[in-house]
Amino acid sequence: MTTVVTSNEAIREIEALLYEEASYLDRPDLDRWLELYTEDGTYWMPAIPDQADPHTHISLFYDDRVLMEVRRRNFKHPAAASKDYTVRASHIISNIRVEKKNAETGDCTVTSNFHCYLYYRDKQTPYAGKYTHELVRSGDGYRIKSKRVDLINCDAVLNTIIIYI
Amino acid sequence: MSYSEAQIAELVQPTKVHRNVYTDPEIFDLEMKRIWANSWIYIGHESQVPDKGNYITLNYGKVPVVMVRDNNNEVHVLHNRCGHKGAKLVDRPCGQIPAFRCCYHGWRYRLDGKLLGVPHMQGYEGTEFDKDDPQYSMQKLARYESLRGFVFASMNPDAPDLRTWMGGAADVMDNLCDRAPEGEVVAAGGVLRYEHDCNWKMFLENLNDTMHPMIVHRSVVESALEYIETLPEDSPRRDEAEIIPPFGASYETFEESGITGFRYGHHYDGGKTSIHADYTLDPEYEAAMLKAYGRERMLEILSFNTHNTLYYPSLTIKSAVQNIRVVRPIAHNKTIIETWSFRLKGAPESMLKRTLLYSRLINSNGSMVGPDDLTAYFRMQEGLESQASDWIEMHRNFGRDENLGDRTVGKGTSDLDMRTQYAAWRKYMTGEAA
């Protein structure tokens with residue numbers, strides 16, 4: 001894929017959205033996080049590199065609005081034993097590239113690298129990989145139509161992934 | 001401590017189990033030698049090695065093995081170890097090779113394990129080294145057999161044949177395959193490997209523990225129902241809405257589903273009904289099944305509704321969902337659980353999609369179901385370090401299970417499943433034929 005040449009301003013706008021999303025996952029605050037997604041938005045974490053689609057191969061996560069709505073409730077549910085621990089994260093996003101851009105609408109596909117340290121139940125776990133965000137124009141800003149999270153160790157033996165990365 | 005044979009036998013009583021069976025690394029090592037080596041262990045499905053030279057690697061207990069299809073189309077289970085210095089011959093999860101070749105000194109083996117060649121042979125001339133001595137070939141496991149494509153192996157040359165060992169629990173494996181219009185299933189859609197910080201038996205004991213779902217899974221059920229409440233009535237049907245809420249079913253519902261236990265530690269819950277019984281029947285699938293079997297046989301197949309079936313100690317299957325979980329113990333407090341999904345041959349693609357949805361929604365590392373189970377397991381693993389009591393009880397419905405000869409049946413909330421497992425555990429561990 002070739003990188004689209006984008007003005008500094010346009011890049012700054014995209015960065016700001018990615019950083020805002022990361023900040024809600026750092027806390028985490030899934031209610032605010034969900035507001036960044038379109039009604040038909042999806043969050044996908046494949047289980048193998050270069051996975052073609054989320055339906056004919058198993059994935060670690062594939063949530064559309066319905067499952068995001070269930071998950072955001074579940075995350076705060078007092079009876080969810082696995083959520084009975086402090087969860088804190090720190091996301092670093094870099095190497096941001098605009099891969100595709102619709103000149104008329106401004107909609108674009110953005111890739112980036114991320115490192116995330118996740119603290120959960122007395123243990124700190126590092127996650128690393130690549131994000132692919134599809135962003136669509138909505139009013140003055142962007143909303144997220146899809147986010148794909150390719151962990152570099154997506155096909156390894158993994159423990160619980162307690163929240164979106 | 002070191003255990004005498006009598007002390008091992010005493011760890012399991014009719015209605016209680018000593019905590020050391022979960023917390024003692026020495027017991028774990030004995031389990032690998034006495035249970036895992038003598039039982040039939042699930043290796044993989046023949047469809048994972050569809051062509052000549054295809055292989056998969058895994059650990060049988062602690063022993064590295066490889067399942068491979070040879071040039072005569074026969075599937076073998078071999079020790080994954082060079083006959084020379086012992087290096088693993090293949091070290092990827094799966095692949096395809098013309099022959100085995102060691103990465104160290106280049107010894108080569110046929111796909112059935114026979115040593116083919118050693119470089120620079122003249123150095124061995126006049127020594128006692130004999131290339132044709134079987135000890136220098138890749139060793140076959142003592143036994144391996146396939147039941148409808150599901151390959152099991154045993155280190156025990158005297159193990160009963162696979163179907164005899166499965167007993168009446170084989171009905172569920174047959175049912176899984178019969179649910180395919182063509183009577184066969186194919187591994188599809190990959191695997192999830194989920195690290196569990198707990199003893200392998202905690203996972204097994206949870207399979208037919210019907211007293212936990214309404215507690216452990218209340219949060220996901222309530223979150224789903226609460227969200228469904230907010231949706232307009234004419235919202236489209238979602239498989240998730242059929243899969244998640246039954247995890248919150250009542251004690252009475254689970255009571256009715258019943259548990260059936262067999263020799264060698266196998267058991268299943270359900271039969272007449274289960275938490276999978278009310279899934280919408282895909283009309284295209286129904287048509288394919290009708291064509292393949294006729295109405296009477298089709299209804300017979302689809303109405304045999306089990307929930308979890310355990311083939312003790314390594315495999316649990318869900319015939320109605322077409323997924324399986326495989327138990328790979330690592331240490332007394334560490335276990336890997338693999339989730340595999342299966343395609344029903346001759347069924348529409350929608351069936352595989354539902355299976356994968358189920359695997360992701362219920363069994364994945366990121367799901368809202370499995371992690372809550374795991375939390376209970378690791379809390380037990382850590383809690384049992386306490387010596388407050390040495391015993392874990394399993395009294396529920398004791399004395400009220402019904403012995404029907406080849407099987408024992410009880411109410412769905414009975415601890416019959418645990419008692420069945422530990423009866424087999426005790427026999428394997430004390431050297432009696434389980």
# chains A, B, ... in the order shown; residues from 1 in each chain; ligands from 1
call {"tool": "closest_atom_pairs", "arguments": {"of": "chain A", "to": "chain B", "cutoff": "9 Å", "atoms": "only C-alpha atoms", "output": "JSON lines"}}
result
{"residue": "A:Ala47", "atom": "CA", "partner": "B:Leu192", "partner_atom": "CA", "distance": 7.3}
{"residue": "A:Ile48", "atom": "CA", "partner": "B:Gly190", "partner_atom": "CA", "distance": 8.4}
{"residue": "A:His55", "atom": "CA", "partner": "B:Lys353", "partner_atom": "CA", "distance": 5.7}
{"residue": "A:Thr56", "atom": "CA", "partner": "B:Gly189", "partner_atom": "CA", "distance": 5.7}
{"residue": "A:His57", "atom": "CA", "partner": "B:Gly189", "partner_atom": "CA", "distance": 3.8}
{"residue": "A:Ile58", "atom": "CA", "partner": "B:Gly189", "partner_atom": "CA", "distance": 5.4}
{"residue": "A:Ser59", "atom": "CA", "partner": "B:Arg360", "partner_atom": "CA", "distance": 6.4}
{"residue": "A:Leu60", "atom": "CA", "partner": "B:Gly366", "partner_atom": "CA", "distance": 5.7}
{"residue": "A:Phe61", "atom": "CA", "partner": "B:Gly366", "partner_atom": "CA", "distance": 5.9}
{"residue": "A:Tyr62", "atom": "CA", "partner": "B:Arg360", "partner_atom": "CA", "distance": 8.0}
{"residue": "A:Val66", "atom": "CA", "partner": "B:Tyr227", "partner_atom": "CA", "distance": 8.1}
{"residue": "A:Leu67", "atom": "CA", "partner": "B:Ala224", "partner_atom": "CA", "distance": 8.4}
{"residue": "A:Glu69", "atom": "CA", "partner": "B:Tyr227", "partner_atom": "CA", "distance": 6.8}
{"residue": "A:Val70", "atom": "CA", "partner": "B:Ala224", "partner_atom": "CA", "distance": 5.3}
{"residue": "A:Arg71", "atom": "CA", "partner": "B:Met368", "partner_atom": "CA", "distance": 7.4}
{"residue": "A:Arg72", "atom": "CA", "partner": "B:Ser223", "partner_atom": "CA", "distance": 8.5}
{"residue": "A:Arg73", "atom": "CA", "partner": "B:Ser223", "partner_atom": "CA", "distance": 5.4}
{"residue": "A:Asn74", "atom": "CA", "partner": "B:Ser223", "partner_atom": "CA", "distance": 5.4}
{"residue": "A:Phe75", "atom": "CA", "partner": "B:Met368", "partner_atom": "CA", "distance": 8.8}
{"residue": "A:His77", "atom": "CA", "partner": "B:Ser219", "partner_atom": "CA", "distance": 5.8}
{"residue": "A:Pro78", "atom": "CA", "partner": "B:Ser219", "partner_atom": "CA", "distance": 7.4}
{"residue": "A:Ala79", "atom": "CA", "partner": "B:Ser219", "partner_atom": "CA", "distance": 5.3}
{"residue": "A:Ala80", "atom": "CA", "partner": "B:Ser219", "partner_atom": "CA", "distance": 5.1}
{"residue": "A:Ala81", "atom": "CA", "partner": "B:Asp372", "partner_atom": "CA", "distance": 5.7}
{"residue": "A:Ser82", "atom": "CA", "partner": "B:Asp372", "partner_atom": "CA", "distance": 5.0}
{"residue": "A:Lys83", "atom": "CA", "partner": "B:Asp372", "partner_atom": "CA", "distance": 8.3}
{"residue": "A:Asp155", "atom": "CA", "partner": "B:Leu192", "partner_atom": "CA", "distance": 7.6}
{"residue": "A:Ala156", "atom": "CA", "partner": "B:Arg193", "partner_atom": "CA", "distance": 7.0}
{"residue": "A:Val157", "atom": "CA", "partner": "B:Arg193", "partner_atom": "CA", "distance": 4.8}
{"residue": "A:Leu158", "atom": "CA", "partner": "B:Tyr194", "partner_atom": "CA", "distance": 5.3}
{"residue": "A:Asn159", "atom": "CA", "partner": "B:Glu195", "partner_atom": "CA", "distance": 4.7}
{"residue": "A:Thr160", "atom": "CA", "partner": "B:Asn365", "partner_atom": "CA", "distance": 4.5}
{"residue": "A:Ile161", "atom": "CA", "partner": "B:Gly366", "partner_atom": "CA", "distance": 4.9}
{"residue": "A:Ile162", "atom": "CA", "partner": "B:Gly366", "partner_atom": "CA", "distance": 6.2}
{"residue": "A:Ile163", "atom": "CA", "partner": "B:Gly366", "partner_atom": "CA", "distance": 7.1}
{"residue": "A:Tyr164", "atom": "CA", "partner": "B:Gly366", "partner_atom": "CA", "distance": 8.2}
call {"tool": "residues_around", "arguments": {"residues": "segment 7-20 of chain B", "least_positions_apart": "3", "cutoff": "9 Å", "atoms": "only C-alpha atoms", "output": "ChimeraX atom specification"}}
result
/B:3-4,23-25,27,384-385,387,389-396,398,415,419,422-423,425-427,429-430
call {"tool": "select_by_dssp", "arguments": {"residues": "segment 192-395 of chain B", "states": "helix (DSSP H, G or I)", "output": "PyMOL selection string"}}
result
chain B and resi 200-207+213-216+218-229+240-243+245-248+251-257+263-265+283-293+295-302+349-363+370-383
call {"tool": "select_by_dssp", "arguments": {"residues": "chain A", "states": "strand (DSSP E)", "output": "VMD selection string"}}
result
chain A and resid 37 to 46 59 to 63 87 to 101 108 to 120 123 to 138 141 to 151
call {"tool": "residues_around", "arguments": {"residues": "Asp140 of chain A", "least_positions_apart": "4", "cutoff": "12 Å", "atoms": "only C-alpha atoms", "output": "list of chain:residue names"}}
result
A:Glu13, A:Thr105, A:Gly106, A:Val136
call {"tool": "residues_around", "arguments": {"residues": "segment 255-263 of chain B", "least_positions_apart": "2", "cutoff": "9 Å", "atoms": "only C-alpha atoms", "output": "ChimeraX atom specification"}}
result
/B:165-169,208,210,250-253,265-275,306-307,406-417,419-421,423-424,434
call {"tool": "residues_around", "arguments": {"residues": "Asp64 of chain A", "least_positions_apart": "4", "cutoff": "8 Å", "atoms": "only C-alpha atoms", "output": "PyMOL selection string"}}
result
chain A and resi 40-43+68
call {"tool": "residues_around", "arguments": {"residues": "Tyr55 of chain B", "least_positions_apart": "3", "cutoff": "12 Å", "atoms": "only C-alpha atoms", "output": "PyMOL selection string"}}
result
chain B and resi 43-52+58+65-70+74-78+80+89-100+111-112
call {"tool": "residues_around", "arguments": {"residues": "segment 119-122 of chain A", "least_positions_apart": "3", "cutoff": "7 Å", "atoms": "only C-alpha atoms", "output": "list in words"}}
result
Tyr85, Thr86, Val87, Arg88, Ala89 and Thr125 of chain A
call {"tool": "decode", "arguments": {"residues": "segment 74-99 of chain A", "atoms": "N, CA and C atoms", "output": "short mmCIF file (atom, residue, chain, number, x, y, z; two decimals), in the first residue's frame"}}
result
data_model
loop_
_atom_site.label_atom_id
_atom_site.label_comp_id
_atom_site.auth_asym_id
_atom_site.auth_seq_id
_atom_site.Cartn_x
_atom_site.Cartn_y
_atom_site.Cartn_z
N ASN A 74 -20.86 -5.21 30.73
CA ASN A 74 -20.19 -6.31 31.45
C ASN A 74 -18.95 -5.84 32.20
N PHE A 75 -18.25 -4.88 31.61
CA PHE A 75 -16.99 -4.42 32.20
C PHE A 75 -17.21 -3.82 33.58
N LYS A 76 -18.41 -3.25 33.77
CA LYS A 76 -18.69 -2.60 35.06
C LYS A 76 -19.60 -3.44 35.96
N HIS A 77 -19.98 -4.62 35.46
CA HIS A 77 -20.96 -5.42 36.21
C HIS A 77 -20.34 -5.94 37.51
N PRO A 78 -21.01 -5.70 38.64
CA PRO A 78 -20.40 -6.08 39.93
C PRO A 78 -20.19 -7.59 40.07
N ALA A 79 -20.92 -8.41 39.30
CA ALA A 79 -20.79 -9.87 39.45
C ALA A 79 -19.73 -10.47 38.54
N ALA A 80 -19.08 -9.65 37.71
CA ALA A 80 -18.08 -10.19 36.79
C ALA A 80 -16.76 -10.38 37.53
N ALA A 81 -16.47 -11.62 37.95
CA ALA A 81 -15.30 -11.86 38.80
C ALA A 81 -14.01 -11.46 38.11
N SER A 82 -13.93 -11.67 36.80
CA SER A 82 -12.68 -11.35 36.09
C SER A 82 -12.44 -9.84 36.02
N LYS A 83 -13.48 -9.05 36.28
CA LYS A 83 -13.35 -7.58 36.24
C LYS A 83 -13.19 -7.01 37.64
N ASP A 84 -13.00 -7.89 38.60
CA ASP A 84 -12.90 -7.49 40.00
C ASP A 84 -11.46 -7.08 40.34
N TYR A 85 -10.76 -6.56 39.38
CA TYR A 85 -9.35 -6.16 39.56
C TYR A 85 -9.14 -4.83 38.88
N THR A 86 -8.17 -4.09 39.37
CA THR A 86 -7.85 -2.84 38.72
C THR A 86 -7.27 -3.11 37.33
N VAL A 87 -7.75 -2.38 36.35
CA VAL A 87 -7.20 -2.45 35.00
C VAL A 87 -6.69 -1.06 34.63
N ARG A 88 -5.41 -0.97 34.31
CA ARG A 88 -4.85 0.29 33.82
C ARG A 88 -3.97 -0.01 32.62
N ALA A 89 -3.96 0.91 31.68
CA ALA A 89 -3.13 0.67 30.49
C ALA A 89 -2.37 1.92 30.11
N SER A 90 -1.33 1.73 29.34
CA SER A 90 -0.62 2.86 28.75
C SER A 90 -0.33 2.51 27.31
N HIS A 91 -0.98 3.25 26.42
CA HIS A 91 -0.81 3.02 24.98
C HIS A 91 0.13 4.07 24.40
N ILE A 92 1.08 3.62 23.59
CA ILE A 92 1.91 4.53 22.81
C ILE A 92 1.64 4.23 21.35
N ILE A 93 1.28 5.25 20.58
CA ILE A 93 0.96 5.05 19.16
C ILE A 93 1.96 5.86 18.33
N SER A 94 2.50 5.21 17.30
CA SER A 94 3.45 5.92 16.45
C SER A 94 3.40 5.36 15.02
N ASN A 95 4.32 5.85 14.16
CA ASN A 95 4.41 5.37 12.77
C ASN A 95 3.06 5.51 12.06
N ILE A 96 2.37 6.61 12.32
CA ILE A 96 1.03 6.80 11.74
C ILE A 96 1.15 7.08 10.25
N ARG A 97 0.41 6.32 9.46
CA ARG A 97 0.43 6.52 8.01
C ARG A 97 -1.00 6.51 7.47
N VAL A 98 -1.30 7.44 6.60
CA VAL A 98 -2.60 7.43 5.93
C VAL A 98 -2.45 6.58 4.67
N GLU A 99 -3.15 5.46 4.64
CA GLU A 99 -2.97 4.51 3.54
C GLU A 99 -3.92 4.78 2.39
#
